[in-house]
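Source file: upload.cif; contents: mmCIF, C-alpha atoms.
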```cif
data_target
#
loop_
_atom_site.label_atom_id
_atom_site.label_comp_id
_atom_site.auth_asym_id
_atom_site.auth_seq_id
_atom_site.Cartn_x
_atom_site.Cartn_y
_atom_site.Cartn_z
CA MET A 1 2.63 115.23 -20.12
CA THR A 2 1.33 111.90 -19.06
CA ASP A 3 -2.13 111.55 -20.58
CA THR A 4 -3.76 114.44 -22.33
CA THR A 5 -6.81 115.02 -24.41
CA THR A 6 -7.03 117.72 -27.04
CA ASN A 7 -9.40 120.62 -26.41
CA THR A 8 -10.03 119.72 -22.75
CA ALA A 9 -9.14 123.11 -21.30
CA ALA A 10 -11.88 124.93 -23.21
CA PRO A 11 -14.09 127.34 -21.30
CA ALA A 12 -17.45 126.03 -20.10
CA ASP A 13 -19.32 127.96 -22.82
CA ASP A 14 -17.05 126.62 -25.60
CA LYS A 15 -18.83 123.97 -27.67
CA ARG A 16 -15.67 122.13 -28.74
CA ALA A 17 -15.39 118.59 -27.49
CA ALA A 18 -12.28 116.53 -27.00
CA VAL A 19 -11.56 114.58 -30.17
CA ALA A 20 -8.46 112.63 -29.23
CA LYS A 21 -6.53 111.05 -26.44
CA HIS A 22 -2.73 111.27 -26.31
CA GLU A 23 -0.60 108.73 -24.51
CA LEU A 24 3.07 108.02 -24.03
CA ILE A 25 4.22 104.48 -24.76
CA ALA A 26 7.35 102.42 -24.14
CA ALA A 27 6.63 100.00 -27.02
CA ALA A 28 4.31 99.78 -30.00
CA GLY A 29 0.93 98.58 -28.78
CA GLY A 30 2.09 98.94 -25.18
CA ASP A 31 0.32 100.41 -22.21
CA HIS A 32 0.39 104.10 -21.37
CA THR A 33 3.50 105.01 -19.40
CA ASP A 34 5.22 108.00 -17.82
CA ILE A 35 7.54 110.32 -19.72
CA GLY A 36 10.65 108.85 -18.09
CA SER A 37 9.92 105.41 -19.55
CA ALA A 38 8.38 106.40 -22.88
CA ILE A 39 9.93 106.26 -26.34
CA GLY A 40 6.83 107.00 -28.41
CA ILE A 41 3.34 108.45 -28.60
CA ARG A 42 -0.13 107.12 -29.28
CA TYR A 43 -2.91 109.30 -30.71
CA THR A 44 -6.39 107.77 -30.39
CA ASP A 45 -9.40 109.27 -32.12
CA LYS A 46 -12.20 109.24 -29.53
CA ALA A 47 -15.06 108.82 -32.01
CA THR A 48 -13.66 105.77 -33.83
CA ASN A 49 -11.01 104.49 -31.41
CA GLN A 50 -8.58 104.41 -34.36
CA LYS A 51 -4.99 104.73 -33.22
CA PHE A 52 -1.77 106.16 -34.57
CA GLU A 53 1.50 105.28 -32.88
CA TYR A 54 4.96 106.65 -33.45
CA ILE A 55 8.12 105.29 -31.87
CA ILE A 56 10.91 107.86 -31.99
CA PRO A 57 13.91 106.40 -33.84
CA GLY A 58 16.88 106.00 -31.51
CA ALA A 59 14.92 107.11 -28.45
CA GLN A 60 16.45 106.39 -25.05
CA PRO A 61 13.96 106.30 -22.17
CA GLY A 62 14.49 109.14 -19.71
CA SER A 63 16.99 111.08 -21.81
CA PRO A 64 16.39 114.82 -22.16
CA LEU A 65 16.35 114.51 -25.96
CA THR A 66 13.73 111.78 -25.86
CA MET A 67 11.52 113.68 -23.42
CA LEU A 68 11.70 116.78 -25.60
CA ALA A 69 11.04 114.67 -28.71
CA LEU A 70 7.97 113.12 -27.04
CA PHE A 71 6.59 116.56 -26.27
CA GLY A 72 7.30 117.66 -29.85
CA ALA A 73 5.74 114.53 -31.36
CA LYS A 74 2.57 114.99 -29.33
CA THR A 75 2.40 118.64 -30.33
CA LYS A 76 3.03 117.85 -34.00
CA ALA A 77 0.28 115.19 -33.94
CA THR A 78 -2.18 117.66 -32.43
CA ASN A 79 -1.22 120.40 -34.88
CA GLU A 80 -1.45 118.12 -37.91
CA THR A 81 -4.85 116.68 -37.04
CA SER A 82 -6.15 120.17 -36.20
CA ARG A 83 -4.86 121.44 -39.56
CA VAL A 84 -6.84 118.76 -41.38
CA ARG A 85 -9.94 119.17 -39.21
CA ASN A 86 -10.01 122.97 -39.44
CA GLY A 87 -8.93 123.18 -43.09
CA LYS A 88 -11.30 121.98 -45.75
CA ASN A 89 -13.48 120.16 -43.20
CA GLY A 90 -14.42 123.38 -41.41
CA GLY A 91 -13.86 121.97 -37.93
CA VAL A 92 -15.63 118.65 -38.56
CA SER A 93 -13.56 115.63 -37.64
CA ASN A 94 -12.66 113.10 -40.36
CA PRO A 95 -10.53 110.56 -38.49
CA GLN A 96 -9.42 108.75 -41.63
CA GLU A 97 -7.99 111.91 -43.20
CA GLU A 98 -6.47 112.96 -39.89
CA LEU A 99 -4.71 109.63 -39.33
CA GLU A 100 -3.52 109.55 -42.93
CA ALA A 101 -2.03 113.01 -42.43
CA LEU A 102 -0.25 111.75 -39.28
CA ASP A 103 1.22 108.83 -41.23
CA GLU A 104 2.49 111.19 -43.90
CA VAL A 105 3.97 113.84 -41.63
CA PHE A 106 5.71 111.36 -39.30
CA GLU A 107 7.05 109.37 -42.26
CA SER A 108 8.55 112.61 -43.56
CA ILE A 109 10.06 113.37 -40.16
CA THR A 110 11.56 109.87 -39.96
CA ASN A 111 13.12 110.53 -43.37
CA GLY A 112 14.60 113.81 -42.12
CA VAL A 113 12.07 116.17 -43.71
CA TRP A 114 10.21 118.66 -41.56
CA ARG A 115 7.07 119.60 -43.41
CA GLU A 116 5.53 122.94 -42.69
CA LYS A 117 1.82 123.58 -42.87
CA ALA A 118 0.58 123.07 -46.42
CA GLU A 119 -1.01 125.90 -48.30
CA GLY A 120 -4.68 125.57 -48.99
CA GLY A 121 -5.80 124.07 -45.70
CA GLY A 122 -6.41 120.51 -44.67
CA GLY A 123 -6.89 117.21 -46.29
CA SER A 124 -4.73 114.34 -47.33
CA ARG A 125 -1.76 114.87 -49.57
CA THR A 126 -1.94 111.31 -50.89
CA ASP A 127 -3.09 111.11 -54.49
CA LYS A 128 -5.37 108.12 -54.01
CA ALA A 129 -5.90 107.59 -57.75
CA LEU A 130 -2.15 107.43 -58.34
CA LEU A 131 -1.66 105.12 -55.36
CA ALA A 132 -4.41 102.87 -56.74
CA ALA A 133 -2.71 102.83 -60.15
CA CYS A 134 0.60 101.85 -58.54
CA LEU A 135 -1.10 99.08 -56.57
CA ILE A 136 -2.91 97.72 -59.64
CA GLU A 137 0.33 97.80 -61.61
CA LEU A 138 2.06 95.65 -58.99
CA LEU A 139 -0.90 93.33 -58.43
CA GLY A 140 -1.34 92.73 -62.16
CA ALA A 141 -3.93 90.03 -62.80
CA GLY A 142 -4.38 89.63 -59.03
CA ALA A 143 -6.07 93.06 -58.74
CA LYS A 144 -9.64 92.82 -57.44
CA GLY A 145 -10.90 95.86 -59.35
CA ASP A 146 -10.04 99.05 -61.17
CA ALA A 147 -8.58 102.28 -59.77
CA ALA A 148 -12.01 103.52 -58.68
CA HIS A 149 -12.48 100.33 -56.64
CA TYR A 150 -9.22 100.88 -54.77
CA VAL A 151 -9.79 104.63 -54.30
CA ALA A 152 -13.16 103.81 -52.69
CA ARG A 153 -11.46 101.21 -50.51
CA PHE A 154 -8.79 103.73 -49.42
CA GLU A 155 -11.49 106.24 -48.50
CA GLY A 156 -13.46 103.68 -46.53
CA ASP A 157 -10.57 101.94 -44.78
CA VAL A 158 -7.65 104.15 -43.75
CA ALA A 159 -5.83 101.19 -42.19
CA TYR A 160 -5.85 99.44 -45.56
CA MET A 161 -4.48 102.55 -47.30
CA ARG A 162 -1.74 102.86 -44.68
CA LYS A 163 -0.85 99.21 -45.29
CA VAL A 164 -0.61 99.87 -49.04
CA LEU A 165 1.52 102.97 -48.42
CA LYS A 166 3.94 100.81 -46.39
CA SER A 167 4.14 98.16 -49.15
CA ASP A 168 6.06 98.01 -52.41
CA ALA A 169 3.15 99.89 -54.00
CA GLY A 170 3.82 102.74 -51.56
CA ASP A 171 7.47 102.76 -52.61
CA VAL A 172 6.46 103.02 -56.28
CA TYR A 173 3.97 105.76 -55.40
CA ARG A 174 6.57 107.79 -53.49
CA LYS A 175 9.01 107.55 -56.41
CA ARG A 176 6.36 108.86 -58.78
CA VAL A 177 5.51 111.84 -56.59
CA GLY A 178 9.14 112.58 -55.71
CA LYS A 179 8.95 111.54 -52.03
CA GLU A 180 11.61 108.85 -52.12
CA ALA A 181 13.34 108.00 -48.88
CA PRO A 182 17.03 108.85 -48.77
CA PRO A 183 19.36 106.04 -49.87
CA VAL A 184 20.52 103.93 -46.94
CA GLU A 185 24.15 104.76 -47.76
CA SER A 186 23.44 108.42 -46.93
CA LEU A 187 22.38 107.44 -43.42
CA ALA A 188 25.72 105.95 -42.35
#
```
Whole structure given in structure tokens:
Amino acid sequence: MTDTTTNTAAPADDKRAAVAKHELIAAAGGDHTDIGSAIGIRYTDKATNQKFEYIIPGAQPGSPLTMLALFGAKTKATNETSRVRNGKNGGVSNPQEELEALDEVFESITNGVWREKAEGGGGSRTDKALLAACLIELLGAGAKGDAAHYVARFEGDVAYMRKVLKSDAGDVYRKRVGKEAPPVESLA
């Protein structure tokens, strides 16, 4: 498992094309490395070159647990993006939705929640209108538009939405939808 691409082993008559590149990394933003040195994964959408990286909490390079976790993380990333692509999109790639789904599923895993496949197929589970309302509430007079403005921005710029989800507005949003992270005291 050094460098793989999804859908590359398809038969010659299969019309599916590789949509992503998977790499193992030893640091966020780092170069591709071998499994014995890696502590995280990188998923790169081939059409847009957008990247998702996940560093496994507490990973120790070369340990059996880390190597198994790397394999599992790569598999989970492939499964999650395929779920989105093959769900409501009918096999058509939407990199923004796919990367958003990766953010959500790996955030849940980091918080100790293994999320099974959602009913009803693919798509984002983020309520963009609610996230926009939370952002506007926190920005107050500094908001640059109404909820529709921010929803459109989220749909056009997944990196921006991920940034908002990682901000205080994301914390407020998660509280409202019941996805709060566990209290730090419970992690001792």
Show which residues sit within 9 Å of Asp168 (chain A), as a PDB file with C-alpha atoms, keeping the file's coordinate frame. Count only C-alpha atoms, and ignore same-chain residues fewer than 5 positions away.
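Produced file out-v8.pdb, reproduced below:
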```pdb
ATOM      1  CA  LEU A 135      -1.100  99.080 -56.570  1.00  0.00           C
ATOM      2  CA  LEU A 138       2.060  95.650 -58.990  1.00  0.00           C
ATOM      3  CA  TYR A 173       3.970 105.760 -55.400  1.00  0.00           C
TER       4      TYR A 173
END
```
Surrounding residues of Thr66 (chain A) excluding itself and chain neighbours under 2 positions, 12 Å, all atoms listed in the file, as a PyMOL selection string: chain A and resi 24+26+35-41+55-64+68-73
Once you have the residues from the selection above, write them out as a compact mmCIF listing (two decimals), in the coordinates of the input, restricted to C-alpha atoms.
```
# COMPACT_ATOMS: atom_id res chain seq x y z
CA LEU A 24 3.07 108.02 -24.03
CA ALA A 26 7.35 102.42 -24.14
CA ILE A 35 7.54 110.32 -19.72
CA GLY A 36 10.65 108.85 -18.09
CA SER A 37 9.92 105.41 -19.55
CA ALA A 38 8.38 106.40 -22.88
CA ILE A 39 9.93 106.26 -26.34
CA GLY A 40 6.83 107.00 -28.41
CA ILE A 41 3.34 108.45 -28.60
CA ILE A 55 8.12 105.29 -31.87
CA ILE A 56 10.91 107.86 -31.99
CA PRO A 57 13.91 106.40 -33.84
CA GLY A 58 16.88 106.00 -31.51
CA ALA A 59 14.92 107.11 -28.45
CA GLN A 60 16.45 106.39 -25.05
CA PRO A 61 13.96 106.30 -22.17
CA GLY A 62 14.49 109.14 -19.71
CA SER A 63 16.99 111.08 -21.81
CA PRO A 64 16.39 114.82 -22.16
CA LEU A 68 11.70 116.78 -25.60
CA ALA A 69 11.04 114.67 -28.71
CA LEU A 70 7.97 113.12 -27.04
CA PHE A 71 6.59 116.56 -26.27
CA GLY A 72 7.30 117.66 -29.85
CA ALA A 73 5.74 114.53 -31.36
```
Leaving out region 146-153 of chain A and any residue of its chain fewer than 4 positions from it, which residues lie within 9 Å of it when counting all atoms listed in the file, given as a compact mmCIF listing (two decimals) with C-alpha atoms, in the coordinates of the input?
```txt
# COMPACT_ATOMS: atom_id res chain seq x y z
CA LYS A 128 -5.37 108.12 -54.01
CA ALA A 129 -5.90 107.59 -57.75
CA LEU A 130 -2.15 107.43 -58.34
CA LEU A 131 -1.66 105.12 -55.36
CA ALA A 132 -4.41 102.87 -56.74
CA ALA A 133 -2.71 102.83 -60.15
CA LEU A 135 -1.10 99.08 -56.57
CA ILE A 136 -2.91 97.72 -59.64
CA ASP A 157 -10.57 101.94 -44.78
CA VAL A 158 -7.65 104.15 -43.75
CA TYR A 160 -5.85 99.44 -45.56
CA MET A 161 -4.48 102.55 -47.30
```
CA of Ala18 (chain A) to CA of Ser82 (chain A), straight-line distance in Å: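 If I compute the distance from CA of Ser82 (chain A) to CA of Ala18 (chain A), I get 11.6 Å.
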Interatomic distance (Å, one decimal) between CA of Glu104 (chain A) and CA of Leu65 (chain A):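 A separation of 22.9 Å between them.
Pairwise distance (CA of Glu23 (chain A), CA of Lys51 (chain A)) equals 10.5 Å.
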Selection: 9 Å around region 92-96 of chain A, all atoms listed in the file, excl. self and same-chain fewer than 6 positions, as a ChimeraX atom specification: /A:19,45,47-48,50,81-82,84-86,155-159
Keeping only C-alpha atoms, write the selected residues as a PDB file, in the frame of the given file.
```pdb
ATOM      1  CA  VAL A  19     -11.560 114.580 -30.170  1.00  0.00           C
ATOM      2  CA  ASP A  45      -9.400 109.270 -32.120  1.00  0.00           C
ATOM      3  CA  ALA A  47     -15.060 108.820 -32.010  1.00  0.00           C
ATOM      4  CA  THR A  48     -13.660 105.770 -33.830  1.00  0.00           C
ATOM      5  CA  GLN A  50      -8.580 104.410 -34.360  1.00  0.00           C
ATOM      6  CA  THR A  81      -4.850 116.680 -37.040  1.00  0.00           C
ATOM      7  CA  SER A  82      -6.150 120.170 -36.200  1.00  0.00           C
ATOM      8  CA  VAL A  84      -6.840 118.760 -41.380  1.00  0.00           C
ATOM      9  CA  ARG A  85      -9.940 119.170 -39.210  1.00  0.00           C
ATOM     10  CA  ASN A  86     -10.010 122.970 -39.440  1.00  0.00           C
ATOM     11  CA  GLU A 155     -11.490 106.240 -48.500  1.00  0.00           C
ATOM     12  CA  GLY A 156     -13.460 103.680 -46.530  1.00  0.00           C
ATOM     13  CA  ASP A 157     -10.570 101.940 -44.780  1.00  0.00           C
ATOM     14  CA  VAL A 158      -7.650 104.150 -43.750  1.00  0.00           C
ATOM     15  CA  ALA A 159      -5.830 101.190 -42.190  1.00  0.00           C
TER      16      ALA A 159
END
```
Nearest to Thr78 (chain A), chosen from A:Asn49, A:Thr126, A:Thr44, A:Asn111, with only C-alpha atoms counted in the distances: A:Thr44
Report, as AutoDock Vina command-line options, the centre and edge lengths in Å (one decimal) of the axis-aligned box enclosing every listed atom of region 79-85 of chain A, padded by 5 Å on each side.
```
--center_x -5.6 --center_y 119.1 --center_z -38.1 --size_x 18.7 --size_y 14.8 --size_z 16.5
```
